[in-house]
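**Q** You'll find data_19.pdb just under this line, and it carries PDB, C-alpha atoms.
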```
MODEL        1
ATOM      1  CA  MET A   1      10.818  16.831   2.790
ATOM      2  CA  ARG A   2       9.143  15.214   5.821
ATOM      3  CA  VAL A   3       7.444  11.961   4.834
ATOM      4  CA  LEU A   4       5.092   9.854   6.927
ATOM      5  CA  VAL A   5       4.491   6.264   5.835
ATOM      6  CA  ALA A   6       1.334   5.288   7.675
ATOM      7  CA  CYS A   7       0.611   1.691   8.634
ATOM      8  CA  GLU A   8       4.029   0.380   7.638
ATOM      9  CA  PHE A   9       5.989  -2.062   9.805
ATOM     10  CA  SER A  10       8.369  -3.313   7.079
ATOM     11  CA  GLY A  11      10.134   0.002   6.447
ATOM     12  CA  THR A  12      10.220  -0.615   2.676
ATOM     13  CA  VAL A  13       8.696   2.714   1.606
ATOM     14  CA  SER A  14      10.270   4.865   4.326
ATOM     15  CA  ARG A  15      13.759   3.470   3.490
ATOM     16  CA  ALA A  16      13.241   4.305  -0.200
ATOM     17  CA  PHE A  17      12.470   7.939   0.681
ATOM     18  CA  ARG A  18      15.370   8.195   3.156
ATOM     19  CA  ALA A  19      17.711   6.886   0.433
ATOM     20  CA  ARG A  20      16.761   9.997  -1.539
ATOM     21  CA  GLY A  21      17.643  12.293   1.370
ATOM     22  CA  HIS A  22      14.218  12.815   2.940
ATOM     23  CA  GLU A  23      13.264  12.664   6.612
ATOM     24  CA  ALA A  24      10.956   9.659   6.305
ATOM     25  CA  TRP A  25       9.220   7.927   9.203
ATOM     26  CA  SER A  26       7.075   4.813   9.294
ATOM     27  CA  CYS A  27       4.249   4.486  11.814
ATOM     28  CA  ASP A  28       2.384   1.341  12.793
ATOM     29  CA  LEU A  29       0.845  -0.367  15.802
ATOM     30  CA  LEU A  30       3.470  -3.091  15.265
ATOM     31  CA  PRO A  31       7.183  -2.597  15.936
ATOM     32  CA  SER A  32       9.503  -2.007  13.001
ATOM     33  CA  GLU A  33      10.657  -5.231  11.340
ATOM     34  CA  ASP A  34      14.073  -3.812  10.545
ATOM     35  CA  GLY A  35      14.644  -2.154  13.930
ATOM     36  CA  SER A  36      14.750   1.289  12.328
ATOM     37  CA  PRO A  37      15.014   4.285  14.669
ATOM     38  CA  PHE A  38      12.779   6.097  12.139
ATOM     39  CA  HIS A  39       9.671   4.233  13.262
ATOM     40  CA  ILE A  40       6.833   5.434  15.460
ATOM     41  CA  GLN A  41       5.060   2.542  17.153
ATOM     42  CA  GLY A  42       1.522   3.703  17.835
ATOM     43  CA  ASP A  43      -1.669   5.073  16.332
ATOM     44  CA  VAL A  44      -0.919   7.066  13.195
ATOM     45  CA  LEU A  45      -3.958   9.299  13.826
ATOM     46  CA  ALA A  46      -2.063  10.737  16.812
ATOM     47  CA  VAL A  47       0.797  12.028  14.631
ATOM     48  CA  LEU A  48      -1.023  13.271  11.526
ATOM     49  CA  ASP A  49      -0.700  16.943  12.498
ATOM     50  CA  GLU A  50       3.084  16.982  12.958
ATOM     51  CA  GLY A  51       4.020  18.950   9.839
ATOM     52  CA  TRP A  52       4.322  16.227   7.204
ATOM     53  CA  ASP A  53       4.840  17.249   3.561
ATOM     54  CA  LEU A  54       3.791  13.871   2.168
ATOM     55  CA  MET A  55       1.982  10.845   3.549
ATOM     56  CA  VAL A  56       1.939   7.406   1.943
ATOM     57  CA  ALA A  57      -0.737   5.381   3.759
ATOM     58  CA  HIS A  58      -1.281   1.618   3.730
ATOM     59  CA  PRO A  59      -4.408   1.076   5.878
ATOM     60  CA  PRO A  60      -5.091  -2.575   6.786
ATOM     61  CA  CYS A  61      -7.204  -4.220   4.106
ATOM     62  CA  THR A  62      -8.632  -7.080   6.194
ATOM     63  CA  HIS A  63     -12.176  -5.658   6.244
ATOM     64  CA  LEU A  64     -11.937  -3.734   2.965
ATOM     65  CA  CYS A  65     -10.626  -5.865   0.103
ATOM     66  CA  THR A  66     -12.840  -7.929  -2.167
ATOM     67  CA  SER A  67     -10.878 -11.113  -1.485
ATOM     68  CA  GLY A  68     -12.755 -11.206   1.839
ATOM     69  CA  ALA A  69     -16.151 -10.299   0.382
ATOM     70  CA  ARG A  70     -17.810 -13.539   1.475
ATOM     71  CA  TRP A  71     -17.424 -12.380   5.113
ATOM     72  CA  PHE A  72     -18.661  -8.794   4.616
ATOM     73  CA  ALA A  73     -22.145  -9.510   6.024
ATOM     74  CA  GLU A  74     -20.603 -10.796   9.261
ATOM     75  CA  LYS A  75     -18.306  -7.839   9.797
ATOM     76  CA  ARG A  76     -20.314  -4.721   9.012
ATOM     77  CA  VAL A  77     -19.135  -2.927  12.161
ATOM     78  CA  GLU A  78     -15.461  -3.720  11.473
ATOM     79  CA  GLN A  79     -15.819  -2.598   7.864
ATOM     80  CA  ALA A  80     -17.486   0.693   8.895
ATOM     81  CA  GLU A  81     -14.627   1.350  11.339
ATOM     82  CA  ALA A  82     -12.047   0.543   8.667
ATOM     83  CA  LEU A  83     -13.723   2.951   6.238
ATOM     84  CA  ASP A  84     -13.765   5.681   8.910
ATOM     85  CA  PHE A  85     -10.018   5.153   9.355
ATOM     86  CA  VAL A  86      -9.466   5.473   5.584
ATOM     87  CA  ARG A  87     -11.504   8.710   5.543
ATOM     88  CA  ALA A  88      -9.421  10.104   8.416
ATOM     89  CA  LEU A  89      -6.239   9.375   6.476
ATOM     90  CA  LEU A  90      -7.559  10.862   3.227
ATOM     91  CA  ASP A  91      -8.818  13.972   5.065
ATOM     92  CA  ALA A  92      -5.545  14.544   6.957
ATOM     93  CA  SER A  93      -4.068  18.032   6.804
ATOM     94  CA  VAL A  94      -1.112  16.833   4.742
ATOM     95  CA  ASP A  95      -0.533  18.598   1.432
ATOM     96  CA  ARG A  96       0.279  15.473  -0.598
ATOM     97  CA  ILE A  97      -1.291  12.090   0.139
ATOM     98  CA  ALA A  98      -1.142   8.644  -1.450
ATOM     99  CA  LEU A  99      -3.355   5.922  -0.015
ATOM    100  CA  GLU A 100      -2.764   2.353  -1.187
ATOM    101  CA  ASN A 101      -5.074  -0.662  -0.876
ATOM    102  CA  PRO A 102      -6.117  -3.708  -2.893
ATOM    103  CA  VAL A 103      -9.317  -3.632  -4.933
ATOM    104  CA  GLY A 104     -12.194  -3.369  -2.459
ATOM    105  CA  VAL A 105     -14.982  -1.324  -0.939
ATOM    106  CA  ILE A 106     -13.093   1.977  -0.725
ATOM    107  CA  SER A 107     -13.907   2.358  -4.432
ATOM    108  CA  SER A 108     -17.658   2.020  -3.880
ATOM    109  CA  LYS A 109     -18.032   3.539  -0.388
ATOM    110  CA  ILE A 110     -15.646   6.516  -0.644
ATOM    111  CA  ARG A 111     -14.421   7.081  -4.199
ATOM    112  CA  LYS A 112     -12.797   5.413  -7.175
ATOM    113  CA  PRO A 113      -8.989   5.179  -7.118
ATOM    114  CA  THR A 114      -6.829   7.563  -9.107
ATOM    115  CA  GLN A 115      -5.050   4.599 -10.666
ATOM    116  CA  ILE A 116      -4.510   0.851 -10.379
ATOM    117  CA  ILE A 117      -0.968  -0.509 -10.607
ATOM    118  CA  HIS A 118       0.715  -3.929 -10.533
ATOM    119  CA  PRO A 119       4.180  -4.845  -9.213
ATOM    120  CA  HIS A 120       5.145  -6.162 -12.679
ATOM    121  CA  MET A 121       5.013  -2.553 -13.922
ATOM    122  CA  PHE A 122       7.909  -1.739 -11.556
ATOM    123  CA  GLY A 123      10.425  -4.527 -12.132
ATOM    124  CA  GLU A 124       8.789  -7.211  -9.957
ATOM    125  CA  ASN A 125       7.805 -10.685 -11.185
ATOM    126  CA  ALA A 126       4.409 -10.411  -9.503
ATOM    127  CA  ALA A 127       0.802  -9.461 -10.144
ATOM    128  CA  LYS A 128      -1.337  -7.745  -7.519
ATOM    129  CA  SER A 129      -3.981  -5.163  -8.375
ATOM    130  CA  THR A 130      -3.102  -2.214  -6.168
ATOM    131  CA  CYS A 131      -5.294   0.882  -6.045
ATOM    132  CA  LEU A 132      -3.877   4.339  -5.366
ATOM    133  CA  TRP A 133      -5.926   7.311  -4.190
ATOM    134  CA  LEU A 134      -3.811  10.417  -4.779
ATOM    135  CA  LYS A 135      -4.013  14.015  -3.537
ATOM    136  CA  ASN A 136      -1.689  16.572  -5.182
ATOM    137  CA  LEU A 137       0.524  13.797  -6.555
ATOM    138  CA  PRO A 138       1.018  12.571 -10.133
ATOM    139  CA  ALA A 139      -0.006   9.052 -11.086
ATOM    140  CA  LEU A 140       2.919   6.647 -10.887
ATOM    141  CA  LYS A 141       4.558   5.845 -14.207
ATOM    142  CA  ALA A 142       5.753   2.313 -14.900
ATOM    143  CA  THR A 143       9.529   1.983 -14.548
ATOM    144  CA  GLN A 144      10.251  -1.524 -15.841
ATOM    145  CA  ASN A 145       7.582  -3.834 -17.228
ATOM    146  CA  VAL A 146       8.255  -7.502 -16.455
ATOM    147  CA  PRO A 147       6.677  -9.943 -18.918
ATOM    148  CA  PRO A 148       4.498 -12.781 -17.616
ATOM    149  CA  ALA A 149       6.362 -15.808 -16.263
ATOM    150  CA  PHE A 150       3.927 -18.156 -18.017
ATOM    151  CA  TYR A 151       0.448 -18.381 -19.553
ATOM    152  CA  THR A 152      -2.516 -20.527 -18.547
ATOM    153  CA  ASN A 153      -5.293 -20.865 -21.151
ATOM    154  CA  GLY A 154      -3.952 -17.750 -22.833
ATOM    155  CA  LEU A 155      -3.995 -15.704 -19.606
ATOM    156  CA  PRO A 156      -0.764 -14.135 -18.340
ATOM    157  CA  ARG A 157       0.607 -15.245 -14.964
ATOM    158  CA  TRP A 158       3.502 -13.895 -12.938
ATOM    159  CA  GLY A 159       5.805 -15.582 -10.426
ATOM    160  CA  ASN A 160       3.544 -15.065  -7.407
ATOM    161  CA  GLN A 161       0.533 -16.675  -9.121
ATOM    162  CA  SER A 162      -0.700 -20.237  -9.453
ATOM    163  CA  PRO A 163      -1.828 -21.494 -12.879
ATOM    164  CA  GLY A 164      -5.389 -20.580 -11.819
ATOM    165  CA  GLY A 165      -4.340 -17.002 -11.103
ATOM    166  CA  SER A 166      -4.651 -17.083  -7.311
ATOM    167  CA  ASN A 167      -1.837 -16.067  -5.016
ATOM    168  CA  ARG A 168       0.785 -18.739  -4.295
ATOM    169  CA  TYR A 169       1.158 -17.918  -0.602
ATOM    170  CA  GLY A 170      -0.340 -20.825   1.302
ATOM    171  CA  PRO A 171      -2.106 -20.564   4.651
ATOM    172  CA  SER A 172       0.201 -19.541   7.491
ATOM    173  CA  PRO A 173       0.122 -17.280  10.553
ATOM    174  CA  ASP A 174       2.305 -14.733   8.689
ATOM    175  CA  ARG A 175       0.456 -14.807   5.358
ATOM    176  CA  TRP A 176      -1.145 -11.398   6.009
ATOM    177  CA  LYS A 177       2.287  -9.881   6.750
ATOM    178  CA  ILE A 178       3.833 -11.290   3.581
ATOM    179  CA  ARG A 179       0.947 -10.053   1.425
ATOM    180  CA  SER A 180       0.832  -6.608   3.037
ATOM    181  CA  ARG A 181       4.459  -5.672   2.301
ATOM    182  CA  THR A 182       5.006  -3.124  -0.448
ATOM    183  CA  PHE A 183       7.085  -4.482  -3.318
ATOM    184  CA  PRO A 184      10.492  -2.732  -3.395
ATOM    185  CA  GLY A 185      10.094  -1.692  -7.043
ATOM    186  CA  ILE A 186       6.891   0.198  -6.205
ATOM    187  CA  ALA A 187       8.541   1.844  -3.176
ATOM    188  CA  LEU A 188      11.472   3.007  -5.316
ATOM    189  CA  ALA A 189       9.095   4.452  -7.921
ATOM    190  CA  MET A 190       7.126   6.308  -5.229
ATOM    191  CA  ALA A 191      10.295   7.804  -3.780
ATOM    192  CA  ALA A 192      11.720   8.779  -7.173
ATOM    193  CA  GLN A 193       8.534  10.191  -8.699
ATOM    194  CA  TRP A 194       7.007  11.814  -5.617
ATOM    195  CA  SER A 195      10.227  13.439  -4.375
ATOM    196  CA  LYS A 196       9.752  16.161  -6.946
ATOM    197  CA  PRO A 197       7.952  19.322  -5.714
TER     198      PRO A 197
ENDMDL
END
```
What is this file in structure tokens?
**A**
Amino acid sequence: MRVLVACEFSGTVSRAFRARGHEAWSCDLLPSEDGSPFHIQGDVLAVLDEGWDLMVAHPPCTHLCTSGARWFAEKRVEQAEALDFVRALLDASVDRIALENPVGVISSKIRKPTQIIHPHMFGENAAKSTCLWLKNLPALKATQNVPPAFYTNGLPRWGNQSPGGSNRYGPSPDRWKIRSRTFPGIALAMAAQWSKP
């Protein structure tokens, strides 16, 4: 199977599919973090029509996710462009498509997600609401539920959360990169469950 992982510089998802014997390529404007020869550095829209059987897309969430809602009024143009990019990915002539993004305006401006998952459903000690919009693919099934690391006022918290529930990653130039990487447990589940015809 030929797999395109759109907007991925880490190689996490493409490696998981290659480990199962697929021809899997990542594509991003950034170079590959792991130096993989299976990486296309450039605009993913330019390679959408190259005979892919499956695309897993991770469009940038900077102008889309609700964590940045307080700036939405100031970036209407950027948000409209980001939504157009999401539509182009969802409308690609690829038989099976999964598009991943945090909770945000895709749900209200395009359509509701097929499902919402968390890393702790796939063996990771982390919480992060992750929406999946699926075309001709089954919803992901949890592979290994990790219990909360601790509770605050009766609310569950995982290892990547502060007692207040916010993300533990402090401000840094690479914060967006750290937060945008797919958790390995989710990548393995995608590769295992979506490798089936």
**Q** Write out as a PyMOL selection string the residues lying within 8 Å of stretch 94-104 of chain A, counting only C-alpha atoms and excluding same-chain residues fewer than 3 positions away.
**A** chain A and resi 48-49+51-61+64-67+89-90+107-108+128-137
**Q** With a distance cut-off of 10 Å and only C-alpha atoms, select the neighbouring residues of stretch 139-144 of chain A, excluding the residue or stretch itself and same-chain residues fewer than 5 positions from it, and output the selection as an MDAnalysis selection string.
**A** chainID A and resid 98 114:124 132:134 185:186 188:190 192:194
**Q** What's the separation between atom CA of A:Arg157 and atom CA of A:Pro113, in Å to one decimal place?
**A**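 Result for atom CA of A:Arg157 versus atom CA of A:Pro113: 23.9 Å, one decimal.
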**Q** With all atoms listed in the file as the counted atoms, please give the residues lying no more than 10 Å from A:Pro156, apart from itself and same-chain residues fewer than 5 positions off, as a PyMOL selection string.
**A** chain A and resi 127+147-151+161+163+165
**Q** Go through A:Asn125, A:Thr182, A:Asn145, A:Ser10 one by one, measure the shortest atom-to-atom distance of each to A:Asn160 using all atoms listed in the file, and give the residue with the smallest value.
**A**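 For A:Asn160, the nearest of the given residues is A:Asn125.
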**Q** Pick from A:Ala80, A:Val86, A:Val47, A:Ala24: nearest to A:Arg2, with all atoms listed in the file counted?
**A**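 Among A:Ala80, A:Val86, A:Val47, A:Ala24, it is A:Ala24 that comes nearest to A:Arg2.
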**Q** Enclose stretch 24-33 of chain A, meaning all of its atoms listed in the file, in a box aligned along x, y and z, pad it by 3 Å on each side, and list the centre and edge lengths in Å to one decimal, as lines of an AutoDock Vina configuration file.
**A**
```
center_x = 5.9
center_y = 2.2
center_z = 11.1
size_x = 16.1
size_y = 20.9
size_z = 15.6
```
**Q** Counting all atoms listed in the file, which of A:Asp43, A:Ala92, A:Val5, A:Asn153 gets nearest to A:Trp25?
**A**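 Looking at the shortest contact to A:Trp25, the residue is A:Val5.
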**Q** Which value, in Å to one decimal, gives the distance between atom CA of A:Leu4 and atom CA of A:Ala46?
**A**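 The value is 12.2 Å.
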**Q** Separation of atom CA of A:Ser26 and atom CA of A:Glu8, in Å?
**A** 5.6 Å
